[in-house]
Amino acid sequence: MTARSDLASFYNMEDYHRVSNPGGFDNNGHRYNWFLILQDIAAVAEPILGLTAQVNRLKNVYNEDDYDAGTNPGGIGNGGHLINYIASLRDVAVVASGLGLSSAAITRLSSFYTNSNYSNDGGFGRNGHRVNFLPSLADLVTCGRSIATV
Amino acid sequence: MIVGNIRIIYDNFAEAGIVSGGSWLTGMPLTNMFDQALGLVARSTNATTGSTQFKIDLGIVPVVGGVAVGPTNLSPGAQYRVTSYFDAGFSVLAYDSGTKFIQGTTVDSLDLEWENPDFWYGIDPTLQLAPWIIEIVPDDQVGVTSAAQYWKVEMIDPENADGFVEVGYCIIGRTFRPSLNYDENNSFTRIELTDTIEALGGHRDYWHRGSRRSLKVTWWRLDEPEGWGDVYRMMTTLGTHQPMFVVPDPDDDENLQKRSFLATFANSPELRLIIQDGVTTGFDLEEVL
């Protein structure tokens with residue numbers, strides 16, 4: 001499996017299962033696949049766009065370890081999701097746009113989702129994550145499939 | 001609902017092995033892991049990853065089907081890795097579980113608030129589980145990467161609130177992998193260990209001493225080779241006194257810790273030859289406390 005083929009068909013919004021569906025994002029699959037999909041997007045984009053700031057963060061900064069402002073600013077654990085999750089979506093949107101792609105999913109990734117309190121919008125705060133988290137992952141998967149076609 | 005066929009780890013190859021590595025208290029050594037008294041634990045000197053691990057030379061090259069280590073005091077969200085090697089230098093890697101979260105020790109992220117620092121990995125510090133590390137070797141690796149003499153277990157929990165890791169028991173054994181899962185007339189329950197005294201007036205006093213898990217499963221039909229293979233071997237080598245580790249559904253990550261346990265046979269299984277080329281059998285399993 002290559003980065004491009006993974007983006008095209010490996011990631012999906014079905015229930016994660018380590019054997020039968022390792023690319024699933026539902027059922028807490030984000031823990032296993034968020035980092036991997038960012039890596040694959042960077043792998044496809046870098047030869048075309050070069051190591052832009054966004055590509056660099058997808059490739060080298062965001063990671064699965066605990067966040068620490070000093071030693072690991074790109075970490076997703078230990079509250080790092082509050083710093084890095086929305087930011088990673090926006091970086092993916094910028095990369096997708098840079099590749100000449102446009103879609104409703106890319107538009108949402110670029111600006112709709114926020115850490116603000118939910119008010120019938122894309123806010124994740126005040127339980128808004130229960131409305132927006134899975135759709136944001138779905139948009140990430142959709143965007144990844146578009147990037148695979150470039 | 002994804003249902004995996006039951007797996008039972010039995011015949012503990014580790015008991016005859018030589019265990020080493022990590023850093024463990026002299027008075028609570030790694031050899032305590034092979035005593036059925038689960039309260040007799042091995043305790044690491046601290047919680048650093050270099051200390052909370054061990055290696056074992058099984059002395060033979062068996063076909064390992066699974067590894068279970070516990071009960072432990074590992075924290076919710078702790079990780080583990082089980083590897084095997086073909087050489088005494090632990091350099092030629094055979095089986096590798098990869099680094100995994102201990103199943104059943106985390107909660108659904110969406111059950112937590114977005115602002116919760118543990119949202120991403122679903123770590124709930126209030127969970128009191130005494131979890132087991134449960135690693136069932138995938139079918140396609142049994143006898144291939146798992147046919148190895150040298151094994152290593154790494155427990156990754158450097159922030160453990162106790163400042164050390166404790167382990168009650170370790171089993172590295174073959175696995176019973178029935179071709180068909182158990183029948184629908186199964187039961188899982190907890191057997192209460194409660195003494196009751198009732199006065200003449202009917203008032204009751206209770207002395208609750210705990211409870212043990214119990215699992216009863218049957219197979220209306222297994223192929224004869226399975227009956228005269230694994231089942232007969234289990235009858236012979238385990239009796240009602242040797243432990244095995246039961247994993248009713250290896251794919252049920254969410255409930256893995258609740259459903260899986262160290263057990264003995266309450267009664268030796270029967271093999272009934274009532275079907276041509278097939279056997280009928282059943283297991284009555286009770287938890288080792």
# chains A, B, ... in the order shown; residues from 1 in each chain; ligands from 1
>>> residues_around(residues="Asp252 (chain B)", least_positions_apart="4", cutoff="12 Å", atoms="only C-alpha atoms", output="list in words")
Tyr16, His17, Arg18, Val19 and Asn27 of chain A; Met1, Ile2, Val3, Gly4, Asn5, Ile6, Gln103, Gly104, Ile134, Val247, Pro248, Leu256, Gln257, Lys258, Arg259 and Ser260 of chain B
>>> interface_residues(of="chain A", to="chain B", cutoff="7 Å", atoms="only C-alpha atoms", output="list in words")
Asn28, Arg31, Gly77, Asn78, Gly79, His81, Phe124, Gly125, Asn127, His129 and Arg130 of chain A
>>> select_by_dssp(residues="chain A", states="strand (DSSP E)", output="compact mmCIF listing (two decimals) with C-alpha atoms, in the first residue's frame")
# COMPACT_ATOMS: atom_id res chain seq x y z
CA ASN A 12 -13.03 5.26 5.69
CA MET A 13 -15.73 6.24 8.14
CA GLU A 14 -16.72 2.73 9.18
CA ASP A 15 -15.95 1.33 12.62
CA GLY A 24 -11.73 3.06 9.93
CA PHE A 25 -12.22 6.36 11.70
CA ASP A 26 -15.43 5.62 13.57
CA ASN A 63 2.35 13.39 16.16
CA GLU A 64 0.58 10.89 18.38
CA ASP A 65 2.44 11.65 21.60
CA ASP A 66 1.44 13.85 24.52
CA GLY A 75 1.48 16.29 20.15
CA ILE A 76 -2.17 15.28 20.13
CA GLY A 77 -2.43 13.65 23.56
CA THR A 114 -13.34 25.72 15.41
CA ASN A 115 -12.57 25.23 19.08
CA SER A 116 -15.21 27.80 19.98
CA ASN A 117 -18.32 26.93 21.93
CA GLY A 123 -17.75 24.81 17.17
CA PHE A 124 -16.32 21.90 19.17
CA GLY A 125 -16.68 23.49 22.60
>>> atom_distance(atom1="CA of Ala148 (chain A)", atom2="CA of Ala93 (chain A)")
13.9 Å
>>> select_by_dssp(residues="region 181-233 of chain B", states="helix (DSSP H, G or I)", output="PyMOL selection string")
chain B and resi 224-233
>>> write_last_selection(atoms="N, CA and C atoms", output="PDB file, in the first residue's frame")
ATOM      1  N   GLU B 224     -13.898 -34.074  14.955  1.00  0.00           N
ATOM      2  CA  GLU B 224     -13.245 -35.038  15.859  1.00  0.00           C
ATOM      3  C   GLU B 224     -11.793 -34.703  16.150  1.00  0.00           C
ATOM      4  N   PRO B 225     -10.995 -34.306  15.141  1.00  0.00           N
ATOM      5  CA  PRO B 225      -9.589 -33.970  15.454  1.00  0.00           C
ATOM      6  C   PRO B 225      -9.475 -32.867  16.504  1.00  0.00           C
ATOM      7  N   GLU B 226     -10.395 -31.920  16.512  1.00  0.00           N
ATOM      8  CA  GLU B 226     -10.337 -30.866  17.534  1.00  0.00           C
ATOM      9  C   GLU B 226     -10.627 -31.460  18.904  1.00  0.00           C
ATOM     10  N   GLY B 227     -11.576 -32.368  18.940  1.00  0.00           N
ATOM     11  CA  GLY B 227     -11.917 -32.982  20.213  1.00  0.00           C
ATOM     12  C   GLY B 227     -10.771 -33.805  20.762  1.00  0.00           C
ATOM     13  N   TRP B 228     -10.182 -34.648  19.909  1.00  0.00           N
ATOM     14  CA  TRP B 228      -9.101 -35.516  20.368  1.00  0.00           C
ATOM     15  C   TRP B 228      -7.750 -34.798  20.350  1.00  0.00           C
ATOM     16  N   GLY B 229      -7.734 -33.592  19.861  1.00  0.00           N
ATOM     17  CA  GLY B 229      -6.517 -32.783  19.897  1.00  0.00           C
ATOM     18  C   GLY B 229      -6.525 -31.872  21.115  1.00  0.00           C
ATOM     19  N   ASP B 230      -6.906 -30.626  20.882  1.00  0.00           N
ATOM     20  CA  ASP B 230      -6.852 -29.629  21.963  1.00  0.00           C
ATOM     21  C   ASP B 230      -7.705 -30.012  23.178  1.00  0.00           C
ATOM     22  N   VAL B 231      -8.954 -30.420  22.945  1.00  0.00           N
ATOM     23  CA  VAL B 231      -9.825 -30.656  24.099  1.00  0.00           C
ATOM     24  C   VAL B 231      -9.270 -31.780  24.957  1.00  0.00           C
ATOM     25  N   TYR B 232      -8.862 -32.883  24.329  1.00  0.00           N
ATOM     26  CA  TYR B 232      -8.312 -33.995  25.119  1.00  0.00           C
ATOM     27  C   TYR B 232      -7.034 -33.581  25.827  1.00  0.00           C
ATOM     28  N   ARG B 233      -6.197 -32.791  25.139  1.00  0.00           N
ATOM     29  CA  ARG B 233      -4.965 -32.318  25.762  1.00  0.00           C
ATOM     30  C   ARG B 233      -5.281 -31.448  26.975  1.00  0.00           C
TER      31      ARG B 233
END
>>> residues_around(residues="Pro73 (chain A)", least_positions_apart="3", cutoff="9 Å", atoms="only C-alpha atoms", output="PyMOL selection string")
chain A and resi 61-62+66-70+76+80+83-84
>>> residues_around(residues="Arg4 (chain A)", least_positions_apart="4", cutoff="12 Å", atoms="only C-alpha atoms", output="list in words")
Ala8, Ser9, Phe10, Tyr11, Ile37, Leu38, Gln39, Asp40, Ile41, Ala42, Ala43, Val44, Ala45, Gly144, Arg145, Ser146, Ile147, Ala148, Thr149 and Val150 of chain A
>>> residues_around(residues="Met28 (chain B)", least_positions_apart="5", cutoff="12 Å", atoms="only C-alpha atoms", output="list of chain:residue names")
B:Ser23, B:Met33, B:Asp35, B:Gly39, B:Leu40, B:Val41, B:Ala42, B:Arg43, B:Ser44, B:Thr45, B:Phe164, B:Val165, B:Glu166, B:Val167, B:Gly168
>>> write_last_selection(atoms="N, CA, C and O atoms", output="mmCIF file, in the first residue's frame")
data_model
loop_
_atom_site.group_PDB
_atom_site.id
_atom_site.type_symbol
_atom_site.label_atom_id
_atom_site.label_comp_id
_atom_site.auth_asym_id
_atom_site.auth_seq_id
_atom_site.Cartn_x
_atom_site.Cartn_y
_atom_site.Cartn_z
ATOM 1 N N SER B 23 13.766 -4.181 35.813
ATOM 2 C CA SER B 23 14.301 -3.952 37.151
ATOM 3 C C SER B 23 13.200 -4.231 38.150
ATOM 4 O O SER B 23 12.189 -3.502 38.186
ATOM 5 N N MET B 33 5.583 -14.360 39.156
ATOM 6 C CA MET B 33 4.555 -14.381 38.108
ATOM 7 C C MET B 33 4.092 -15.796 37.782
ATOM 8 O O MET B 33 3.130 -15.974 37.037
ATOM 9 N N ASP B 35 3.377 -18.133 40.125
ATOM 10 C CA ASP B 35 2.665 -18.671 41.265
ATOM 11 C C ASP B 35 1.186 -18.347 41.091
ATOM 12 O O ASP B 35 0.828 -17.207 40.816
ATOM 13 N N GLY B 39 -2.011 -12.798 44.420
ATOM 14 C CA GLY B 39 -1.577 -11.726 45.304
ATOM 15 C C GLY B 39 -0.084 -11.701 45.509
ATOM 16 O O GLY B 39 0.460 -10.709 45.997
ATOM 17 N N LEU B 40 0.587 -12.794 45.146
ATOM 18 C CA LEU B 40 2.051 -12.833 45.226
ATOM 19 C C LEU B 40 2.573 -12.241 43.917
ATOM 20 O O LEU B 40 2.698 -12.929 42.904
ATOM 21 N N VAL B 41 2.877 -10.947 43.952
ATOM 22 C CA VAL B 41 3.154 -10.227 42.716
ATOM 23 C C VAL B 41 4.640 -9.995 42.525
ATOM 24 O O VAL B 41 5.433 -10.061 43.467
ATOM 25 N N ALA B 42 4.982 -9.713 41.281
ATOM 26 C CA ALA B 42 6.295 -9.160 40.945
ATOM 27 C C ALA B 42 6.120 -7.651 40.852
ATOM 28 O O ALA B 42 5.143 -7.174 40.280
ATOM 29 N N ARG B 43 7.054 -6.922 41.423
ATOM 30 C CA ARG B 43 6.937 -5.466 41.428
ATOM 31 C C ARG B 43 8.221 -4.843 40.896
ATOM 32 O O ARG B 43 9.324 -5.186 41.342
ATOM 33 N N SER B 44 8.061 -3.904 39.968
ATOM 34 C CA SER B 44 9.240 -3.234 39.414
ATOM 35 C C SER B 44 9.777 -2.215 40.420
ATOM 36 O O SER B 44 9.066 -1.764 41.317
ATOM 37 N N THR B 45 11.041 -1.841 40.246
ATOM 38 C CA THR B 45 11.642 -0.893 41.178
ATOM 39 C C THR B 45 11.153 0.529 40.922
ATOM 40 O O THR B 45 11.150 1.355 41.833
ATOM 41 N N PHE B 164 5.414 2.286 40.277
ATOM 42 C CA PHE B 164 5.946 0.975 39.908
ATOM 43 C C PHE B 164 4.837 0.203 39.204
ATOM 44 O O PHE B 164 3.665 0.623 39.196
ATOM 45 N N VAL B 165 5.206 -0.923 38.623
ATOM 46 C CA VAL B 165 4.236 -1.812 37.981
ATOM 47 C C VAL B 165 4.277 -3.158 38.693
ATOM 48 O O VAL B 165 5.353 -3.665 39.020
ATOM 49 N N GLU B 166 3.112 -3.701 38.934
ATOM 50 C CA GLU B 166 2.992 -5.020 39.562
ATOM 51 C C GLU B 166 2.329 -5.988 38.595
ATOM 52 O O GLU B 166 1.436 -5.609 37.837
ATOM 53 N N VAL B 167 2.769 -7.236 38.676
ATOM 54 C CA VAL B 167 2.195 -8.289 37.841
ATOM 55 C C VAL B 167 1.906 -9.495 38.703
ATOM 56 O O VAL B 167 2.752 -9.901 39.492
ATOM 57 N N GLY B 168 0.711 -10.074 38.550
ATOM 58 C CA GLY B 168 0.352 -11.244 39.346
ATOM 59 C C GLY B 168 0.744 -12.559 38.694
ATOM 60 O O GLY B 168 1.225 -13.473 39.359
#
>>> residues_around(residues="Ile102 (chain B)", least_positions_apart="6", cutoff="7 Å", atoms="only C-alpha atoms", output="PDB file with N, CA, C and O atoms, in the first residue's frame")
ATOM      1  N   GLY B  77      -5.179   3.493  29.739  1.00  0.00           N
ATOM      2  CA  GLY B  77      -4.447   4.099  28.640  1.00  0.00           C
ATOM      3  C   GLY B  77      -2.989   3.696  28.564  1.00  0.00           C
ATOM      4  O   GLY B  77      -2.267   4.167  27.677  1.00  0.00           O
ATOM      5  N   ALA B  78      -2.530   2.827  29.460  1.00  0.00           N
ATOM      6  CA  ALA B  78      -1.153   2.338  29.376  1.00  0.00           C
ATOM      7  C   ALA B  78      -0.994   1.493  28.115  1.00  0.00           C
ATOM      8  O   ALA B  78      -1.962   1.021  27.533  1.00  0.00           O
ATOM      9  N   GLN B  79       0.247   1.290  27.723  1.00  0.00           N
ATOM     10  CA  GLN B  79       0.503   0.538  26.498  1.00  0.00           C
ATOM     11  C   GLN B  79       1.379  -0.673  26.798  1.00  0.00           C
ATOM     12  O   GLN B  79       1.996  -0.779  27.864  1.00  0.00           O
ATOM     13  N   TYR B  80       1.439  -1.568  25.817  1.00  0.00           N
ATOM     14  CA  TYR B  80       2.301  -2.731  25.959  1.00  0.00           C
ATOM     15  C   TYR B  80       2.822  -3.135  24.587  1.00  0.00           C
ATOM     16  O   TYR B  80       2.314  -2.696  23.553  1.00  0.00           O
ATOM     17  N   ILE B 133      -2.659  -7.693  30.300  1.00  0.00           N
ATOM     18  CA  ILE B 133      -2.152  -7.601  28.932  1.00  0.00           C
ATOM     19  C   ILE B 133      -2.584  -8.892  28.245  1.00  0.00           C
ATOM     20  O   ILE B 133      -2.279  -9.990  28.735  1.00  0.00           O
TER      21      ILE B 133
END
>>> residues_around(residues="Tyr113 (chain A)", least_positions_apart="2", cutoff="12 Å", atoms="only C-alpha atoms", output="ChimeraX atom specification")
/A:85-90,93,105-111,115-125,128-129,131-137,139-140
>>> atom_distance(atom1="CA of Thr106 (chain B)", atom2="CA of Pro125 (chain B)")
9.0 Å
>>> closest_residue(among="B:Leu129, B:Gly173, B:Leu222, B:Leu289", to="Asp277 (chain B)", atoms="only C-alpha atoms")
B:Leu222
>>> closest_residue(among="B:Phe261, B:Trp24, B:Phe86, B:Phe34", to="Arg190 (chain B)", atoms="only C-alpha atoms")
B:Phe261
>>> closest_residue(among="B:Thr236, B:Thr194, B:Asn186, B:Ser84", to="Phe283 (chain B)", atoms="only C-alpha atoms")
B:Asn186
